[in-house]
Protein chains: 2
Amino acid sequence: TMPHEGGDWTAVPGGITAPIGFLAGTAHGGIKPGSSPRKLDLALIVSEAPATAAATFTTNRVKAAPVKVSAAHLKSPRCRAVIINSGNANACTGLAGIEAAQRTARAVAAALGAQEKEILVCSTGRIGVPLPAEKIEEAVPRLMESVAAGRGASVAAARAIMTSDTFPKEMAVRVPVRGGKHVTLGGIAKGAGMIRPQMATMLAALATDAAIRKADLQAALGEAVEHSFNRISVDGDMSTNDTVVLLANGRSEVTLAAGTPDFRRFQAALNFLCRGFARMIVEDGEGVSKFVEVHVSGAASREDARRAAEGIANSALVKCAWFGNDPNWGRLMSAAGASGAKVREELVDIYYNGVIAVQGGAASRTPAAKLKEVVTAKKFTVHVNLHLGTAEHVVYTTDLTTQYVKLNMGE
Amino acid sequence: TMPHEGGDWTAVPGGITAPIGFLAGTAHGGIKPGSSPRKLDLALIVSEAPATAAATFTTNRVKAAPVKVSAAHLKSPRCRAVIINSGNANACTGLAGIEAAQRTARAVAAALGAQEKEILVCSTGRIGVPLPAEKIEEAVPRLMESVAAGRGASVAAARAIMTSDTFPKEMAVRVPVRGGKHVTLGGIAKGAGMIRPQMATMLAALATDAAIRKADLQAALGEAVEHSFNRISVDGDMSTNDTVVLLANGRSEVTLAAGTPDFRRFQAALNFLCRGFARMIVEDGEGVSKFVEVHVSGAASREDARRAAEGIANSALVKCAWFGNDPNWGRLMSAAGASGAKVREELVDIYYNGVIAVQGGAASRTPAAKLKEVVTAKKFTVHVNLHLGTAEHVVYTTDLTTQYVKLNMGE
């Protein structure tokens with residue numbers, strides 16, 4: 001299971017609206033042709049006070065228009081809002097797509113009395129379909145009314161950004177700091193194990209009422225993402241739209257400076273929050289029947305550890321075996337060997353939930369039935385020790401099921 | 001479809017036994033516990049005269065024992081025979097596996113009056129199961145009798161090395177050379193699209209009666225493999241046992257020297273043979289419903305062309321869409337962008353069987369129904385032009401089907 005490192009925080013309700021001065025609203029914009037009028041497809045996150053912003057984006061060379069526009073807007077020292085639509089990725093839509101993303105930001109900016117560059121934009125849905133910006137412009141007044149109404153706004157926003165997700169994802173924590181004060185950190189996210197690729201995007205909007213310098217905020221987010229969203233893998237595919245944003249508006253009156261014990265506490269809570277969302281995304285995959293932690297240790301380098309873990313986690317053969325409750329450690333050996341990582345097979349040990357399956361590169365004495373019992377469970381850990389060094393890497397992944405294929409066959 | 005480049009050769013019957021001085025035999029060794037007594041699981045290819053040998057092996061860091069032993073034996077200047085067993089990969093079997101492969105070679109060498117190092121050994125089957133060398137030793141006399149009997153031996157050998165294959169694979173061609181003479185080139189192969197990973201190995205044994213220097217033979221085989229077996233992809237997984245061997249025994253009394261027109265003719269015929277086998281392997285995948293050529297052109301470098309083509313060919317999402325007859329070019333764009341290749345999306349054009357789907361990174365005016373018609377066929381080509389340079393790469397691949405998952409679920 002995901003590491004639940006101990007920490008000095010308390011879970012609190014309210015998701016993205018838990019931190020002081022963050023509001024959320026939702027609306028039906030009718031973004032996807034033919035969608036139900038009851039389907040919320042727009043979410044707006046507003047900070048009452050100008051916030052500093054950090055973000056990480058997909059490293060896909062093909063980036064959706066909102067990713068390009070938000071990356072440009074992120075250079076602004078201040079951010080006031082994040083608007084997210086589902087039902088359309090606004091990816092591979094050319095210059096018209098850029099204009100649609102800019103119009104979206106402009107409409108929100110006008111409603112808030114802010115500048116266009118102070119608005120971040122995210123989209124999720126099918127690639128290659130023009131985004132109807134006019135529908136978003138028409139919806140902005142309704143979004144603002146919804147923001148003003150408050151109450152239950154975070155879970156509604158989490159619901160509005162869902163595509164193939166089966167449940168809305170929101171979390172918040174309160175972090176004590178010195179002087180008896182505290183800061184709050186919360187967010188919403190979407191993503192369903194990347195199993196429905198037309199709308200496979202992983203998005204997360206996070207907010208805190210701490211005051212944090214932009215560079216420190218970016219570094220903190222980078223670390224948290226590296227150990228959470230960057231360690232989940234369902235099918236090895238990467239979206240054109242993946243985005244994680246973090247706003248810090250300082251409304252708690254607590255300033256956190258990098259290098260202090262309070263900042264480390266904040267970082268730990270941020271890591272926890274991102275890991276929690278990453279875990280929810282993997283577990284929410286429709287068509288997924290198992291949640292597997294792949295832990296590679298003893299690698300000659302960190303890059304080798306990552307390669308071997310991802311090689312195993314992305315192997316179609318390994319994942320099919322898991323679906324079939326077949327321990328089949330030979331497929332893990334082969335996938336590790338093919339990953340590009342340095343492997344000396346005679347040194348490799350493999351454990352299933354701590355039970356040794358492979359010792360020195362060959363079958364252990366563990367009865368096959370015992371290994372089968374482990375992989376028959378809904379959740380288990382495979383641990384591969386390469387015995388070549390000290391580097392480690394963990395990837396959280398799933399099995400590959402007939403249901404996955406059916407869900408991805410078409411429109 | 002696969003390129004059928006014109007060439008100066010004629011198809012002839014006889015497979016691996018078509019070249020002068022090559023014989024084949026088969027036997028039931030009972031290698032896999034519980035296998036039918038009628039299942040041939042051993043094939044022996046013998047050259048009457050000592051031959052030069054070349055081979056290419058899997059680049060998986062986890063190599064089966066027969067790969068290690070054959071790589072060592074390949075250093076010998078002469079080769080007399082290749083023995084292949086199905087029903088057991090002899091991979092991840094430790095020192096006992098090495099000994100079993102050596103015993104296999106030794107038994108054949110004794111029967112032929114040759115040296116152990118003049119025998120190459122190949123295995124295909126489940127990983128991690130000890131190979132019963134004694135059963136092979138017992139079977140060698142029967143193999144020798146079968147070799148002596150002749151007649152239909154090549155197709156029987158092609159059948160004996162089958163695992164999940166649905167048809168035996170053999171081919172031979174006659175290549176005219178100057179002076180009104182000719183040389184013959186033939187072979188057998190196995191592999192079923194790597195769709196049954198426990199026994200997913202691709203093996204090919206090739207033979208020619210030309211006399212060719214060992215270094216030239218290895219270079220020729222390397223070129224042929226690079227443009228055939230190295231360009232097929234079903235699921236991105238790579239076996240621990242993949243092996244292609246080529247023997248040249250000189251019995252045609254024709255010597256071919258690198259750089260001559262005759263050698264180029266031989267190379268072209270060898271390329272043709274390897275491509276033919278590669279095509280058979282992809283098409284034989286049980287659970288596979290489509291055969292797709294992925295052609296990337298206009299890449300900034302050859303490495304980029306390869307990355308983009310393999311990124312598309314190995315994308316689970318792309319392959320599921322094909323299974324569902326969904327053109328879904330957005331998934332191709334995303335897979336190319338995520339491949340690590342340099343991509344400027346606004347330059348990308350994509351064609352389905354020559355029909356433009358994507359122009360300058362966005363939807364073309366081609367009606368969706370027309371694209372759907374293309375991908376509904378059993379075979380089609382997708383061509384991605386990156387418009388960044390002149391490098392190209394082609395990969396032959398398949399769709400990803402519910403049947404694939406079912407076949408790979410377990411034992």
# chains A, B, ... in the order shown; residues from 1 in each chain; ligands from 1
$ closest_atom_pairs --of "chain A" --to "chain B" --cutoff "6 Å" --atoms "only C-alpha atoms" --output "Markdown table"
| residue | atom | partner | partner_atom | distance |
| --- | --- | --- | --- | --- |
| A:Asn60 | CA | B:Ala338 | CA | 4.5 |
| A:Arg61 | CA | B:Gly337 | CA | 4.3 |
| A:Val62 | CA | B:Gly337 | CA | 4.7 |
| A:Cys92 | CA | B:Ala362 | CA | 4.9 |
| A:Thr93 | CA | B:Ala362 | CA | 5.2 |
| A:Gly94 | CA | B:Ala362 | CA | 5.9 |
| A:Ile127 | CA | B:Gly330 | CA | 5.2 |
| A:Cys320 | CA | B:Met409 | CA | 4.9 |
| A:Ala321 | CA | B:Met409 | CA | 4.6 |
| A:Gly324 | CA | B:Met409 | CA | 4.2 |
| A:Asp326 | CA | B:Gly410 | CA | 5.4 |
| A:Gly330 | CA | B:Ile127 | CA | 5.2 |
| A:Gly337 | CA | B:Arg61 | CA | 4.3 |
| A:Ala338 | CA | B:Asn60 | CA | 4.5 |
| A:Val343 | CA | B:Arg61 | CA | 6.0 |
| A:Glu345 | CA | B:Val62 | CA | 5.7 |
| A:Gly361 | CA | B:Cys92 | CA | 5.7 |
| A:Ala362 | CA | B:Cys92 | CA | 4.9 |
| A:Thr402 | CA | B:Thr402 | CA | 4.8 |
| A:Val405 | CA | B:Cys320 | CA | 5.8 |
| A:Asn408 | CA | B:Cys320 | CA | 5.5 |
| A:Met409 | CA | B:Gly324 | CA | 4.2 |
| A:Gly410 | CA | B:Gly324 | CA | 5.4 |
$ residues_around --residues "Val296 in chain B" --least-positions-apart "6" --cutoff "8 Å" --atoms "only C-alpha atoms" --output "list of chain:residue names"
B:Ala305, B:Arg306, B:Ala308, B:Ala309, B:His383, B:Val384, B:Asn385, B:Leu386, B:Glu392, B:His393, B:Val394
$ residues_around --residues "range 224-227 of chain B" --least-positions-apart "4" --cutoff "7 Å" --atoms "only C-alpha atoms" --output "PyMOL selection string"
chain B and resi 220+231+270-271+274
$ write_last_selection --atoms "C-alpha atoms" --output "JSON list (two decimals), in the first residue's frame"
[["chain", "number", "residue", "atom", "x", "y", "z"],
["B", 220, "ALA", "CA", 24.64, -9.73, -43.34],
["B", 231, "ARG", "CA", 10.80, -3.95, -36.40],
["B", 270, "LEU", "CA", 18.26, -12.77, -46.77],
["B", 271, "ASN", "CA", 16.41, -9.53, -45.96],
["B", 274, "CYS", "CA", 13.75, -12.45, -42.53]]
$ select_by_dssp --residues "range 64-152 of chain B" --states "helix (DSSP H, G or I)" --output "NGL selection string"
:B and (65-73 or 94-112 or 116-118 or 133-149)
$ residues_around --residues "Ala81 in chain B" --least-positions-apart "3" --cutoff "12 Å" --atoms "only C-alpha atoms" --output "JSON, numbers by chain"
{"B": [21, 22, 23, 24, 25, 43, 44, 45, 46, 47, 48, 49, 50, 51, 52, 53, 70, 73, 74, 78, 84, 104, 105, 106, 107, 108, 109, 110, 111, 112, 113, 114, 115, 116, 117, 118, 119, 120, 121, 122, 143, 144, 147, 205, 206, 207, 245, 246, 247, 248, 249]}
$ write_last_selection --atoms "N, CA and C atoms" --output "compact mmCIF listing (two decimals), in the first residue's frame"
# COMPACT_ATOMS: atom_id res chain seq x y z
N GLY B 21 23.08 -29.94 -48.45
CA GLY B 21 23.86 -30.37 -47.29
C GLY B 21 23.27 -30.02 -45.95
N PHE B 22 22.01 -29.60 -45.92
CA PHE B 22 21.36 -29.37 -44.63
C PHE B 22 20.24 -30.38 -44.44
N LEU B 23 20.23 -31.01 -43.28
CA LEU B 23 19.24 -32.04 -42.96
C LEU B 23 18.53 -31.64 -41.67
N ALA B 24 17.34 -32.18 -41.50
CA ALA B 24 16.60 -31.88 -40.27
C ALA B 24 15.96 -33.14 -39.74
N GLY B 25 15.76 -33.18 -38.44
CA GLY B 25 15.08 -34.30 -37.80
C GLY B 25 14.30 -33.81 -36.60
N ALA B 43 13.83 -30.37 -32.36
CA ALA B 43 14.23 -30.29 -33.77
C ALA B 43 15.75 -30.20 -33.83
N LEU B 44 16.31 -30.94 -34.77
CA LEU B 44 17.76 -30.92 -34.95
C LEU B 44 18.06 -30.55 -36.40
N ILE B 45 18.86 -29.52 -36.59
CA ILE B 45 19.30 -29.10 -37.93
C ILE B 45 20.78 -29.46 -38.04
N VAL B 46 21.12 -30.24 -39.03
CA VAL B 46 22.51 -30.69 -39.18
C VAL B 46 23.07 -30.23 -40.52
N SER B 47 24.29 -29.74 -40.50
CA SER B 47 24.99 -29.47 -41.74
C SER B 47 25.97 -30.62 -41.99
N GLU B 48 25.88 -31.23 -43.17
CA GLU B 48 26.78 -32.37 -43.47
C GLU B 48 28.24 -31.96 -43.40
N ALA B 49 28.52 -30.72 -43.87
CA ALA B 49 29.88 -30.21 -43.80
C ALA B 49 29.93 -29.13 -42.71
N PRO B 50 31.07 -28.96 -42.08
CA PRO B 50 31.18 -27.88 -41.09
C PRO B 50 30.81 -26.55 -41.74
N ALA B 51 30.03 -25.76 -41.03
CA ALA B 51 29.54 -24.47 -41.57
C ALA B 51 30.11 -23.33 -40.75
N THR B 52 30.16 -22.14 -41.37
CA THR B 52 30.37 -20.94 -40.56
C THR B 52 29.00 -20.55 -40.00
N ALA B 53 29.02 -19.88 -38.86
CA ALA B 53 27.75 -19.55 -38.21
C ALA B 53 27.73 -18.10 -37.78
N SER B 70 25.04 -20.75 -26.42
CA SER B 70 25.21 -20.58 -27.88
C SER B 70 26.11 -19.39 -28.20
N HIS B 73 29.51 -20.70 -27.82
CA HIS B 73 29.84 -21.65 -28.89
C HIS B 73 30.02 -20.96 -30.23
N LEU B 74 29.38 -19.80 -30.38
CA LEU B 74 29.47 -19.08 -31.65
C LEU B 74 30.91 -18.62 -31.93
N ARG B 78 33.65 -23.09 -36.54
CA ARG B 78 32.81 -24.03 -37.29
C ARG B 78 31.60 -24.43 -36.47
N ILE B 84 16.98 -27.45 -31.12
CA ILE B 84 15.96 -26.55 -30.56
C ILE B 84 14.93 -27.39 -29.81
N THR B 104 22.97 -30.86 -23.47
CA THR B 104 22.24 -30.99 -24.73
C THR B 104 23.21 -30.92 -25.91
N ALA B 105 24.09 -29.91 -25.89
CA ALA B 105 25.05 -29.74 -26.97
C ALA B 105 26.01 -30.93 -27.03
N ARG B 106 26.41 -31.41 -25.86
CA ARG B 106 27.37 -32.51 -25.79
C ARG B 106 26.78 -33.80 -26.38
N ALA B 107 25.51 -34.04 -26.09
CA ALA B 107 24.84 -35.25 -26.60
C ALA B 107 24.78 -35.23 -28.13
N VAL B 108 24.46 -34.06 -28.68
CA VAL B 108 24.38 -33.94 -30.14
C VAL B 108 25.78 -34.06 -30.74
N ALA B 109 26.76 -33.42 -30.11
CA ALA B 109 28.13 -33.48 -30.62
C ALA B 109 28.63 -34.92 -30.66
N ALA B 110 28.35 -35.69 -29.60
CA ALA B 110 28.79 -37.09 -29.56
C ALA B 110 28.17 -37.89 -30.69
N ALA B 111 26.89 -37.64 -30.95
CA ALA B 111 26.20 -38.39 -32.01
C ALA B 111 26.74 -38.04 -33.39
N LEU B 112 27.25 -36.82 -33.55
CA LEU B 112 27.73 -36.36 -34.86
C LEU B 112 29.24 -36.51 -34.99
N GLY B 113 29.92 -36.89 -33.93
CA GLY B 113 31.37 -36.91 -33.96
C GLY B 113 31.95 -35.51 -34.08
N ALA B 114 31.27 -34.56 -33.48
CA ALA B 114 31.72 -33.17 -33.53
C ALA B 114 32.14 -32.72 -32.13
N GLN B 115 32.57 -31.47 -32.02
CA GLN B 115 32.91 -30.93 -30.70
C GLN B 115 31.67 -30.22 -30.11
N GLU B 116 31.62 -30.20 -28.79
CA GLU B 116 30.48 -29.57 -28.10
C GLU B 116 30.28 -28.13 -28.58
N LYS B 117 31.39 -27.41 -28.79
CA LYS B 117 31.28 -25.99 -29.16
C LYS B 117 30.81 -25.81 -30.60
N GLU B 118 30.71 -26.89 -31.36
CA GLU B 118 30.20 -26.80 -32.73
C GLU B 118 28.68 -26.98 -32.81
N ILE B 119 28.05 -27.04 -31.63
CA ILE B 119 26.59 -27.22 -31.58
C ILE B 119 25.95 -25.99 -30.96
N LEU B 120 24.93 -25.43 -31.61
CA LEU B 120 24.17 -24.32 -31.02
C LEU B 120 22.87 -24.88 -30.44
N VAL B 121 22.40 -24.22 -29.37
CA VAL B 121 21.24 -24.71 -28.63
C VAL B 121 20.22 -23.58 -28.48
N CYS B 122 18.95 -23.87 -28.75
CA CYS B 122 17.88 -22.89 -28.55
C CYS B 122 16.75 -23.55 -27.76
N LEU B 143 16.42 -38.56 -32.73
CA LEU B 143 16.62 -37.39 -33.60
C LEU B 143 17.52 -37.75 -34.78
N MET B 144 18.58 -38.50 -34.48
CA MET B 144 19.53 -38.87 -35.54
C MET B 144 18.86 -39.78 -36.56
N VAL B 147 16.77 -37.59 -38.73
CA VAL B 147 17.61 -36.86 -39.68
C VAL B 147 17.94 -37.75 -40.88
N ALA B 205 15.97 -20.37 -37.44
CA ALA B 205 17.20 -21.05 -37.88
C ALA B 205 17.25 -20.93 -39.39
N LEU B 206 18.31 -20.35 -39.91
CA LEU B 206 18.47 -20.11 -41.34
C LEU B 206 19.73 -20.82 -41.81
N ALA B 207 19.73 -21.20 -43.07
CA ALA B 207 20.89 -21.92 -43.61
C ALA B 207 21.09 -21.54 -45.06
N VAL B 245 19.74 -17.73 -35.91
CA VAL B 245 21.05 -18.27 -36.31
C VAL B 245 21.06 -18.47 -37.82
N LEU B 246 22.23 -18.31 -38.40
CA LEU B 246 22.40 -18.50 -39.85
C LEU B 246 23.68 -19.29 -40.07
N LEU B 247 23.54 -20.43 -40.73
CA LEU B 247 24.71 -21.27 -41.03
C LEU B 247 25.00 -21.22 -42.53
N ALA B 248 26.27 -21.23 -42.90
CA ALA B 248 26.67 -21.23 -44.31
C ALA B 248 27.70 -22.34 -44.50
N ASN B 249 27.36 -23.37 -45.28
CA ASN B 249 28.25 -24.53 -45.36
C ASN B 249 29.05 -24.65 -46.66
$ closest_residue --among "B:Val294, B:Ala215, B:Ile136, B:Ile188" --to "Tyr352 in chain B" --atoms "only C-alpha atoms"
B:Val294
$ closest_residue --among "B:Val177, B:Ala391, B:Ile31, B:Leu217" --to "Ala300 in chain B" --atoms "only C-alpha atoms"
B:Ala391
$ atom_distance --atom1 "CA of Gly187 in chain A" --atom2 "CA of Thr381 in chain A"
28.0 Å
$ residues_around --residues "Val355 in chain A" --least-positions-apart "6" --cutoff "10 Å" --atoms "only C-alpha atoms" --output "list in words"
Ser364, Thr366, Lys370, Leu371, Val374, Val382 and His383 of chain A
$ write_last_selection --atoms "C-alpha atoms" --output "mmCIF file, in the first residue's frame"
data_model
loop_
_atom_site.group_PDB
_atom_site.id
_atom_site.type_symbol
_atom_site.label_atom_id
_atom_site.label_comp_id
_atom_site.auth_asym_id
_atom_site.auth_seq_id
_atom_site.Cartn_x
_atom_site.Cartn_y
_atom_site.Cartn_z
ATOM 1 C CA SER A 364 12.765 -20.219 -4.588
ATOM 2 C CA THR A 366 8.191 -21.313 -1.871
ATOM 3 C CA LYS A 370 1.520 -19.665 -1.596
ATOM 4 C CA LEU A 371 2.549 -17.142 -4.258
ATOM 5 C CA VAL A 374 -0.704 -13.389 -2.640
ATOM 6 C CA VAL A 382 6.138 -7.065 -5.417
ATOM 7 C CA HIS A 383 9.664 -6.288 -4.312
#
$ select_by_dssp --residues "range 300-362 of chain A" --states "strand (DSSP E)" --output "list in words"
Asp349, Ile350, Tyr351, Tyr352, Val355, Ile356, Ala357, Val358, Gln359 and Ala362 of chain A
$ write_last_selection --atoms "N, CA and C atoms" --output "compact mmCIF listing (two decimals), in the first residue's frame"
# COMPACT_ATOMS: atom_id res chain seq x y z
N ASP A 349 16.63 -11.14 -6.34
CA ASP A 349 15.62 -11.75 -5.46
C ASP A 349 14.28 -11.05 -5.70
N ILE A 350 13.20 -11.80 -5.70
CA ILE A 350 11.86 -11.20 -5.85
C ILE A 350 10.95 -11.73 -4.74
N TYR A 351 10.23 -10.81 -4.13
CA TYR A 351 9.29 -11.14 -3.05
C TYR A 351 7.88 -10.71 -3.44
N TYR A 352 6.90 -11.53 -3.11
CA TYR A 352 5.49 -11.14 -3.21
C TYR A 352 4.98 -10.97 -1.79
N VAL A 355 7.04 -12.64 0.71
CA VAL A 355 7.29 -14.08 0.53
C VAL A 355 8.25 -14.25 -0.65
N ILE A 356 9.34 -14.93 -0.45
CA ILE A 356 10.35 -15.02 -1.51
C ILE A 356 9.87 -15.92 -2.65
N ALA A 357 9.94 -15.38 -3.87
CA ALA A 357 9.53 -16.14 -5.06
C ALA A 357 10.75 -16.52 -5.88
N VAL A 358 11.71 -15.59 -5.94
CA VAL A 358 12.93 -15.80 -6.74
C VAL A 358 14.13 -15.56 -5.83
N GLN A 359 15.05 -16.48 -5.83
CA GLN A 359 16.26 -16.34 -5.02
C GLN A 359 17.46 -16.54 -5.94
N ALA A 362 16.61 -17.54 -9.70
CA ALA A 362 15.88 -18.78 -10.03
C ALA A 362 14.78 -19.02 -9.00
$ closest_residue --among "B:Gly354, B:Gly259, B:Gly87, B:Pro367" --to "Ala219 in chain B" --atoms "only C-alpha atoms"
B:Gly259
$ atom_distance --atom1 "CA of Ser252 in chain B" --atom2 "CA of Val183 in chain B"
6.1 Å
